[in-house]
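Right, one structure below, let's go through it.
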Amino acid sequence: MDTEKLAALAQEAEDRLQSVFRGFEHTAQINTARVLRAFREYRVSEACFAGTTGYGYDDLGRETLEKVYAKVFGAESALVRTTFVNGTHAIACALYGALRPGDTILSVTGAPYDTLHAAITGAARGSLASCGVHYRQLELSPDGGPDWENIRAAAAALRPAVVYLQRSRGYADRRALYTEEIGRAADVVKSVSPDTAVVVDNCYGEFVEEREPCAVGADLIAGSLIKNPGGGLAPMGGYVAGRADLVEYAAERLTLPGIGSECGATLNTGRLLFQGFFLAPHTVSQALKTMAFAAAVLEALGFETFPAAGERRGDIIQTVRLKTADNLVRFCQGIQKGSPVDSFAAPVPGDMPGYDSQVVMAAGTFIQGASLELSCDGPVREPYLGFLQGGLTYEAGKYGVLSALEEMLR
């Protein structure tokens, strides 16, 4: 396909998406207002950006930022630390803190993504299974949402210590959960097992909707700072937010009992974490626009997309059925070519820890692994799904998507 024809398809897609774009902008306005109210309430000032060294006692910025996160996410407490190495680490700390030997964790959204699944059920020393935690799993209903009757029955029969929900899709051919579905799941579980903690992997979902899971009944959420809430500026880290006792249990897994959340130097990251969180609602809306645009153009070219261009979204991920291994690899190579960093690199499939097939990954990002920045990856196995995500600005995201299409169709 020549460049002129692709440009015409892109313009048609943008014209069709104007009402969809306005919806993303409306959500960003609501979420930005909530962030600003929290900044004002907790008196964010330049002194919060100074940071600490060593043990990090009496860190004004860290303590203020965690109050801001808790307020914005509708939680009692929050733990926001650069010492979480990734989102999986934050989620694992949340689970290890909430569970004890002999407890049961019930996943109601199918199997967690590969690396977290290994931490829960794997045979390696230190997994939850090796610590005597039992794992049970329910599949989603045919419409892609939670299976309410099975959740009610399993929660009543097992009385699990934790019911776990994965908001986003991972490498699964499924849709993301919506916030009200998470709230309904919490209500269903609590109606038959009130002591069960509802824990949500919130990665890729922050600020996509007008409320977060804790605001609708979840007990604990966790995620990565180099995804949505970091706003493209956070250089590393993760967060846990929710019920105060569960947050502190997670802190004791990050550090150790007796220390918990009291320590943790922030060095010179304070301004980036505050400013990134301030920008996050807008940046997430830019990513959503990029994903809707990508879906619209790919649909016009005959590819199947999940969600569809005009469909409601619960996360910032766009899944595309690219039909062949060659298409998947070339699409990722085109995303890399359209990136601001390492545009000269050519991604090729390779082995990845925790995955049972080779994975191709394109990520020309300022922050390594930052999937709020435009990136694309996927396991090289049938049905050859590409998982596209992010876009710090719509303009750059659009450029990257068109670069990927040109490479794939060349």
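Residue names in the structure tokens use chain letters A, B, ... in the order shown, residue numbers from 1 in each chain, and ligand numbers from 1 in the order shown.
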Which residues in stretch 180-330 of chain A does DSSP call strand (DSSP E or B)? List them as a list in words.
->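 For stretch 180-330 of chain A, the strand (DSSP E or B) set is Ala197, Val198, Val199, Val200, Asp201, Leu220, Ile221, Ala222, Gly223, Ser224, Gly238, Tyr239, Val240, Ala241, Gly242, Glu304, Thr305, Phe306, Ile317, Gln318, Thr319, Val320 and Arg321 of chain A.
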Margin query: For stretch 305-309 of chain A, find every residue with an atom within 10 Å (counting only C-alpha atoms), except residues of its own chain fewer than 6 positions away, and show them as a list in words.
Written below: Ala13, Arg16, Leu17, Val20, Asp173, Arg174, Arg175, Ala176, Lys289, Met291, Ala292, Phe293, Ala294, Ala295, Ala296, Val297, Leu298, Glu299, Asp315, Ile317, Gln318, Thr319, Val320, Arg321, Leu322, Leu385, Gly386 and Phe387 of chain A
Dump of N, CA and C atoms for the selected residues, as an mmCIF file, in the first residue's frame:
data_model
loop_
_atom_site.group_PDB
_atom_site.id
_atom_site.type_symbol
_atom_site.label_atom_id
_atom_site.label_comp_id
_atom_site.auth_asym_id
_atom_site.auth_seq_id
_atom_site.Cartn_x
_atom_site.Cartn_y
_atom_site.Cartn_z
ATOM 1 N N ALA A 13 -10.081 7.592 9.517
ATOM 2 C CA ALA A 13 -10.186 7.041 10.870
ATOM 3 C C ALA A 13 -10.325 8.157 11.906
ATOM 4 N N ARG A 16 -13.814 9.672 11.927
ATOM 5 C CA ARG A 16 -14.826 8.814 12.559
ATOM 6 C C ARG A 16 -14.706 8.797 14.077
ATOM 7 N N LEU A 17 -13.526 9.097 14.595
ATOM 8 C CA LEU A 17 -13.252 8.915 16.020
ATOM 9 C C LEU A 17 -13.428 10.179 16.857
ATOM 10 N N VAL A 20 -15.363 9.699 20.024
ATOM 11 C CA VAL A 20 -14.618 8.813 20.917
ATOM 12 C C VAL A 20 -13.509 9.594 21.614
ATOM 13 N N ASP A 173 -6.335 -13.485 25.117
ATOM 14 C CA ASP A 173 -7.287 -12.974 24.133
ATOM 15 C C ASP A 173 -8.612 -12.699 24.852
ATOM 16 N N ARG A 174 -8.636 -11.625 25.643
ATOM 17 C CA ARG A 174 -9.815 -11.270 26.437
ATOM 18 C C ARG A 174 -9.859 -9.763 26.564
ATOM 19 N N ARG A 175 -10.998 -9.249 26.975
ATOM 20 C CA ARG A 175 -11.104 -7.807 27.195
ATOM 21 C C ARG A 175 -10.682 -7.473 28.619
ATOM 22 N N ALA A 176 -10.430 -6.192 28.839
ATOM 23 C CA ALA A 176 -10.155 -5.717 30.187
ATOM 24 C C ALA A 176 -11.452 -5.614 30.978
ATOM 25 N N LYS A 289 -6.327 7.578 22.841
ATOM 26 C CA LYS A 289 -6.553 8.080 21.484
ATOM 27 C C LYS A 289 -5.700 7.303 20.475
ATOM 28 N N MET A 291 -4.546 4.269 20.733
ATOM 29 C CA MET A 291 -5.044 2.896 20.563
ATOM 30 C C MET A 291 -6.305 2.868 19.703
ATOM 31 N N ALA A 292 -7.224 3.807 19.927
ATOM 32 C CA ALA A 292 -8.438 3.839 19.116
ATOM 33 C C ALA A 292 -8.103 4.111 17.646
ATOM 34 N N PHE A 293 -7.147 5.004 17.406
ATOM 35 C CA PHE A 293 -6.715 5.286 16.035
ATOM 36 C C PHE A 293 -6.123 4.040 15.392
ATOM 37 N N ALA A 294 -5.245 3.355 16.126
ATOM 38 C CA ALA A 294 -4.634 2.141 15.577
ATOM 39 C C ALA A 294 -5.700 1.121 15.216
ATOM 40 N N ALA A 295 -6.681 0.938 16.112
ATOM 41 C CA ALA A 295 -7.745 -0.034 15.841
ATOM 42 C C ALA A 295 -8.533 0.348 14.594
ATOM 43 N N ALA A 296 -8.847 1.632 14.442
ATOM 44 C CA ALA A 296 -9.655 2.067 13.307
ATOM 45 C C ALA A 296 -8.951 1.807 11.979
ATOM 46 N N VAL A 297 -7.667 2.113 11.906
ATOM 47 C CA VAL A 297 -6.945 1.921 10.646
ATOM 48 C C VAL A 297 -6.757 0.434 10.361
ATOM 49 N N LEU A 298 -6.424 -0.338 11.395
ATOM 50 C CA LEU A 298 -6.237 -1.778 11.199
ATOM 51 C C LEU A 298 -7.544 -2.451 10.773
ATOM 52 N N GLU A 299 -8.656 -2.010 11.332
ATOM 53 C CA GLU A 299 -9.953 -2.558 10.919
ATOM 54 C C GLU A 299 -10.233 -2.252 9.449
ATOM 55 N N ASP A 315 -8.574 -0.526 29.640
ATOM 56 C CA ASP A 315 -7.129 -0.372 29.825
ATOM 57 C C ASP A 315 -6.555 0.308 28.592
ATOM 58 N N ILE A 317 -4.434 -1.015 26.446
ATOM 59 C CA ILE A 317 -3.883 -2.011 25.531
ATOM 60 C C ILE A 317 -4.814 -2.226 24.356
ATOM 61 N N GLN A 318 -4.230 -2.333 23.177
ATOM 62 C CA GLN A 318 -4.962 -2.677 21.964
ATOM 63 C C GLN A 318 -4.437 -4.012 21.458
ATOM 64 N N THR A 319 -5.314 -4.997 21.384
ATOM 65 C CA THR A 319 -4.934 -6.302 20.850
ATOM 66 C C THR A 319 -5.321 -6.367 19.383
ATOM 67 N N VAL A 320 -4.425 -6.910 18.556
ATOM 68 C CA VAL A 320 -4.677 -7.048 17.126
ATOM 69 C C VAL A 320 -4.319 -8.465 16.708
ATOM 70 N N ARG A 321 -5.220 -9.105 15.995
ATOM 71 C CA ARG A 321 -4.933 -10.425 15.441
ATOM 72 C C ARG A 321 -4.227 -10.205 14.101
ATOM 73 N N LEU A 322 -2.919 -10.404 14.088
ATOM 74 C CA LEU A 322 -2.111 -10.047 12.922
ATOM 75 C C LEU A 322 -1.925 -11.184 11.922
ATOM 76 N N LEU A 385 -1.137 -12.680 18.104
ATOM 77 C CA LEU A 385 -1.713 -11.451 18.624
ATOM 78 C C LEU A 385 -0.606 -10.442 18.909
ATOM 79 N N GLY A 386 -0.804 -9.215 18.454
ATOM 80 C CA GLY A 386 0.073 -8.113 18.833
ATOM 81 C C GLY A 386 -0.604 -7.306 19.924
ATOM 82 N N PHE A 387 0.153 -6.990 20.963
ATOM 83 C CA PHE A 387 -0.373 -6.209 22.079
ATOM 84 C C PHE A 387 0.288 -4.832 22.024
#
Handout entry: stretch 148-154 of chain A environment, 12 Å, only C-alpha atoms, sequence neighbours closer than 5 positions dropped, as a PyMOL selection string
Key = chain A and resi 104-110+136-143+159-160+162-165+181-194+196
Take the residues just selected and output them with N, CA and C atoms as a tab-separated table (two decimals), in the first residue's frame.
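Result written to result36.tsv:
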chain	number	residue	atom	x	y	z
A	104	THR	N	-6.01	-19.84	50.93
A	104	THR	CA	-6.34	-20.07	49.53
A	104	THR	C	-6.49	-18.74	48.82
A	105	ILE	N	-5.91	-18.66	47.62
A	105	ILE	CA	-6.14	-17.52	46.73
A	105	ILE	C	-6.97	-18.02	45.56
A	106	LEU	N	-8.04	-17.32	45.27
A	106	LEU	CA	-8.95	-17.67	44.19
A	106	LEU	C	-8.87	-16.61	43.11
A	107	SER	N	-8.34	-16.99	41.95
A	107	SER	CA	-8.31	-16.08	40.80
A	107	SER	C	-9.61	-16.24	40.04
A	108	VAL	N	-10.34	-15.14	39.86
A	108	VAL	CA	-11.65	-15.22	39.19
A	108	VAL	C	-11.60	-14.65	37.77
A	109	THR	N	-10.39	-14.38	37.26
A	109	THR	CA	-10.24	-13.88	35.89
A	109	THR	C	-9.33	-14.80	35.09
A	110	GLY	N	-9.43	-16.09	35.34
A	110	GLY	CA	-8.57	-17.04	34.65
A	110	GLY	C	-7.16	-17.00	35.21
A	136	ARG	N	-6.69	-21.60	43.48
A	136	ARG	CA	-7.85	-22.05	42.72
A	136	ARG	C	-8.16	-20.99	41.66
A	137	GLN	N	-8.80	-21.43	40.59
A	137	GLN	CA	-9.00	-20.54	39.45
A	137	GLN	C	-10.38	-20.72	38.85
A	138	LEU	N	-11.02	-19.62	38.49
A	138	LEU	CA	-12.27	-19.61	37.73
A	138	LEU	C	-12.03	-18.92	36.40
A	139	GLU	N	-12.68	-19.42	35.36
A	139	GLU	CA	-12.57	-18.79	34.05
A	139	GLU	C	-13.61	-17.67	33.93
A	140	LEU	N	-13.37	-16.77	33.01
A	140	LEU	CA	-14.33	-15.71	32.72
A	140	LEU	C	-15.55	-16.28	32.00
A	141	SER	N	-16.62	-15.54	32.02
A	141	SER	CA	-17.83	-15.95	31.32
A	141	SER	C	-17.63	-15.77	29.81
A	142	PRO	N	-18.50	-16.33	28.98
A	142	PRO	CA	-18.33	-16.20	27.52
A	142	PRO	C	-18.29	-14.77	27.02
A	143	ASP	N	-18.91	-13.82	27.75
A	143	ASP	CA	-18.87	-12.43	27.30
A	143	ASP	C	-17.60	-11.70	27.72
A	159	ARG	N	-14.14	-20.01	51.04
A	159	ARG	CA	-13.81	-18.92	51.97
A	159	ARG	C	-12.33	-18.51	51.81
A	160	PRO	N	-11.95	-18.11	50.59
A	160	PRO	CA	-10.53	-17.81	50.34
A	160	PRO	C	-10.07	-16.58	51.10
A	162	VAL	N	-7.94	-14.55	49.80
A	162	VAL	CA	-7.83	-13.53	48.75
A	162	VAL	C	-8.62	-13.98	47.53
A	163	VAL	N	-9.42	-13.08	46.98
A	163	VAL	CA	-9.94	-13.22	45.62
A	163	VAL	C	-9.17	-12.24	44.76
A	164	TYR	N	-8.59	-12.75	43.69
A	164	TYR	CA	-7.68	-11.97	42.85
A	164	TYR	C	-8.33	-11.70	41.49
A	165	LEU	N	-8.24	-10.45	41.05
A	165	LEU	CA	-8.72	-10.07	39.72
A	165	LEU	C	-7.61	-9.37	38.96
A	181	GLU	N	-17.50	-3.67	37.14
A	181	GLU	CA	-17.45	-5.13	37.25
A	181	GLU	C	-16.59	-5.55	38.44
A	182	ILE	N	-15.51	-4.83	38.66
A	182	ILE	CA	-14.67	-5.13	39.83
A	182	ILE	C	-15.46	-4.86	41.11
A	183	GLY	N	-16.21	-3.76	41.12
A	183	GLY	CA	-17.04	-3.46	42.29
A	183	GLY	C	-18.10	-4.51	42.52
A	184	ARG	N	-18.72	-4.98	41.45
A	184	ARG	CA	-19.74	-6.03	41.61
A	184	ARG	C	-19.10	-7.32	42.11
A	185	ALA	N	-17.91	-7.65	41.60
A	185	ALA	CA	-17.21	-8.85	42.08
A	185	ALA	C	-16.93	-8.75	43.58
A	186	ALA	N	-16.51	-7.58	44.03
A	186	ALA	CA	-16.26	-7.38	45.46
A	186	ALA	C	-17.54	-7.57	46.26
A	187	ASP	N	-18.65	-7.05	45.76
A	187	ASP	CA	-19.93	-7.20	46.46
A	187	ASP	C	-20.35	-8.67	46.53
A	188	VAL	N	-20.19	-9.39	45.42
A	188	VAL	CA	-20.57	-10.80	45.39
A	188	VAL	C	-19.74	-11.61	46.38
A	189	VAL	N	-18.45	-11.37	46.37
A	189	VAL	CA	-17.56	-12.11	47.28
A	189	VAL	C	-17.89	-11.80	48.73
A	190	LYS	N	-18.04	-10.53	49.05
A	190	LYS	CA	-18.27	-10.12	50.45
A	190	LYS	C	-19.62	-10.63	50.96
A	191	SER	N	-20.57	-10.83	50.05
A	191	SER	CA	-21.90	-11.27	50.49
A	191	SER	C	-21.88	-12.68	51.05
A	192	VAL	N	-20.89	-13.49	50.64
A	192	VAL	CA	-20.81	-14.87	51.13
A	192	VAL	C	-19.54	-15.14	51.94
A	193	SER	N	-18.55	-14.27	51.82
A	193	SER	CA	-17.29	-14.47	52.54
A	193	SER	C	-16.72	-13.09	52.91
A	194	PRO	N	-17.31	-12.46	53.94
A	194	PRO	CA	-16.98	-11.06	54.23
A	194	PRO	C	-15.52	-10.81	54.62
A	196	THR	N	-12.89	-12.15	53.16
A	196	THR	CA	-12.01	-12.29	52.01
A	196	THR	C	-11.54	-10.92	51.52
Going by DSSP on the backbone, which bits of stretch 202-353 of chain A are helix (DSSP H, G or I)? Write them as a PyMOL selection string, please. chain A and resi 213-216+228-230+244-254+260-262+270-300+325-337
Requested in this report: Please provide as a ChimeraX atom specification all residues within 7 Å of A:Met361, with the sequence filter that same-chain residues fewer than 6 positions apart are discarded (counting only C-alpha atoms).
Outcome: /A:332,347,376-378
Restrict the selected residues to N, CA and C atoms and save them as a PDB file, in the first residue's frame.
ATOM      1  N   CYS A 332       5.927  -4.970  14.826  1.00  0.00           N
ATOM      2  CA  CYS A 332       6.762  -4.524  15.946  1.00  0.00           C
ATOM      3  C   CYS A 332       7.998  -3.773  15.459  1.00  0.00           C
ATOM      4  N   PRO A 347      13.756  -5.233  16.319  1.00  0.00           N
ATOM      5  CA  PRO A 347      13.360  -6.293  17.241  1.00  0.00           C
ATOM      6  C   PRO A 347      13.202  -7.636  16.523  1.00  0.00           C
ATOM      7  N   CYS A 376       4.975  -2.274  21.520  1.00  0.00           N
ATOM      8  CA  CYS A 376       4.180  -3.395  21.025  1.00  0.00           C
ATOM      9  C   CYS A 376       4.960  -4.674  21.256  1.00  0.00           C
ATOM     10  N   ASP A 377       4.263  -5.697  21.674  1.00  0.00           N
ATOM     11  CA  ASP A 377       4.919  -6.977  21.887  1.00  0.00           C
ATOM     12  C   ASP A 377       3.902  -8.086  21.728  1.00  0.00           C
ATOM     13  N   GLY A 378       4.388  -9.289  21.698  1.00  0.00           N
ATOM     14  CA  GLY A 378       3.490 -10.431  21.599  1.00  0.00           C
ATOM     15  C   GLY A 378       4.260 -11.722  21.497  1.00  0.00           C
TER      16      GLY A 378
END
I'd like the neighbourhood of stretch 122-133 of chain A as a PyMOL selection string, where a residue qualifies if any of its atoms comes within 8 Å (using only C-alpha atoms), though same-chain residues fewer than 3 positions away should be ignored. chain A and resi 96+99-105+117-119
Write a file of the just-selected residues containing N, CA and C atoms, as a PDB file, in the first residue's frame.
ATOM      1  N   TYR A  96       1.693 -11.588  48.900  1.00  0.00           N
ATOM      2  CA  TYR A  96       2.458 -12.214  49.985  1.00  0.00           C
ATOM      3  C   TYR A  96       2.075 -11.612  51.336  1.00  0.00           C
ATOM      4  N   LEU A  99      -1.553 -13.047  52.378  1.00  0.00           N
ATOM      5  CA  LEU A  99      -1.730 -14.493  52.480  1.00  0.00           C
ATOM      6  C   LEU A  99      -0.784 -15.111  53.507  1.00  0.00           C
ATOM      7  N   ARG A 100      -1.224 -16.219  54.101  1.00  0.00           N
ATOM      8  CA  ARG A 100      -0.431 -16.977  55.063  1.00  0.00           C
ATOM      9  C   ARG A 100      -0.459 -18.453  54.676  1.00  0.00           C
ATOM     10  N   PRO A 101       0.499 -19.260  55.147  1.00  0.00           N
ATOM     11  CA  PRO A 101       0.473 -20.692  54.841  1.00  0.00           C
ATOM     12  C   PRO A 101      -0.875 -21.314  55.199  1.00  0.00           C
ATOM     13  N   GLY A 102      -1.384 -22.111  54.284  1.00  0.00           N
ATOM     14  CA  GLY A 102      -2.685 -22.729  54.470  1.00  0.00           C
ATOM     15  C   GLY A 102      -3.832 -21.952  53.877  1.00  0.00           C
ATOM     16  N   ASP A 103      -3.612 -20.674  53.536  1.00  0.00           N
ATOM     17  CA  ASP A 103      -4.650 -19.856  52.920  1.00  0.00           C
ATOM     18  C   ASP A 103      -4.886 -20.276  51.471  1.00  0.00           C
ATOM     19  N   THR A 104      -6.013 -19.837  50.935  1.00  0.00           N
ATOM     20  CA  THR A 104      -6.342 -20.067  49.533  1.00  0.00           C
ATOM     21  C   THR A 104      -6.491 -18.737  48.817  1.00  0.00           C
ATOM     22  N   ILE A 105      -5.906 -18.659  47.622  1.00  0.00           N
ATOM     23  CA  ILE A 105      -6.136 -17.524  46.732  1.00  0.00           C
ATOM     24  C   ILE A 105      -6.966 -18.021  45.563  1.00  0.00           C
ATOM     25  N   HIS A 117       1.921 -15.791  37.430  1.00  0.00           N
ATOM     26  CA  HIS A 117       1.422 -17.144  37.653  1.00  0.00           C
ATOM     27  C   HIS A 117       2.519 -18.025  38.229  1.00  0.00           C
ATOM     28  N   ALA A 118       3.747 -17.859  37.740  1.00  0.00           N
ATOM     29  CA  ALA A 118       4.870 -18.636  38.271  1.00  0.00           C
ATOM     30  C   ALA A 118       5.144 -18.283  39.728  1.00  0.00           C
ATOM     31  N   ALA A 119       5.005 -17.007  40.080  1.00  0.00           N
ATOM     32  CA  ALA A 119       5.230 -16.598  41.474  1.00  0.00           C
ATOM     33  C   ALA A 119       4.170 -17.166  42.406  1.00  0.00           C
TER      34      ALA A 119
END
**Asked** Could you pull the residues within 12 Å of stretch 248-254 of chain A, counting only C-alpha atoms, minus those fewer than 5 positions along the same chain, as a ChimeraX atom specification?
**Response** /A:76-85,89-100,199,220-222,237-243,259-264
*asked:* Would you pick out the contacts of A:Lys5 at 12 Å or less, using only C-alpha atoms, so that residues sharing its chain but fewer than 6 positions from it are not included, and give the list as an MDAnalysis selection string?
replied: chainID A and resid 11:12 297 300:301 402 405:406 409
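The smallest atom-to-atom distance between A:Asp201 and any of A:Val35, A:Val284, A:Cys214, A:Leu388, using only C-alpha atoms, is found for A:Cys214.
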Quick one: distance from atom CA of A:Gln166 to atom CA of A:Val401 in Å, one decimal?
->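 Rounded to one decimal, the two atoms are 26.9 Å apart.
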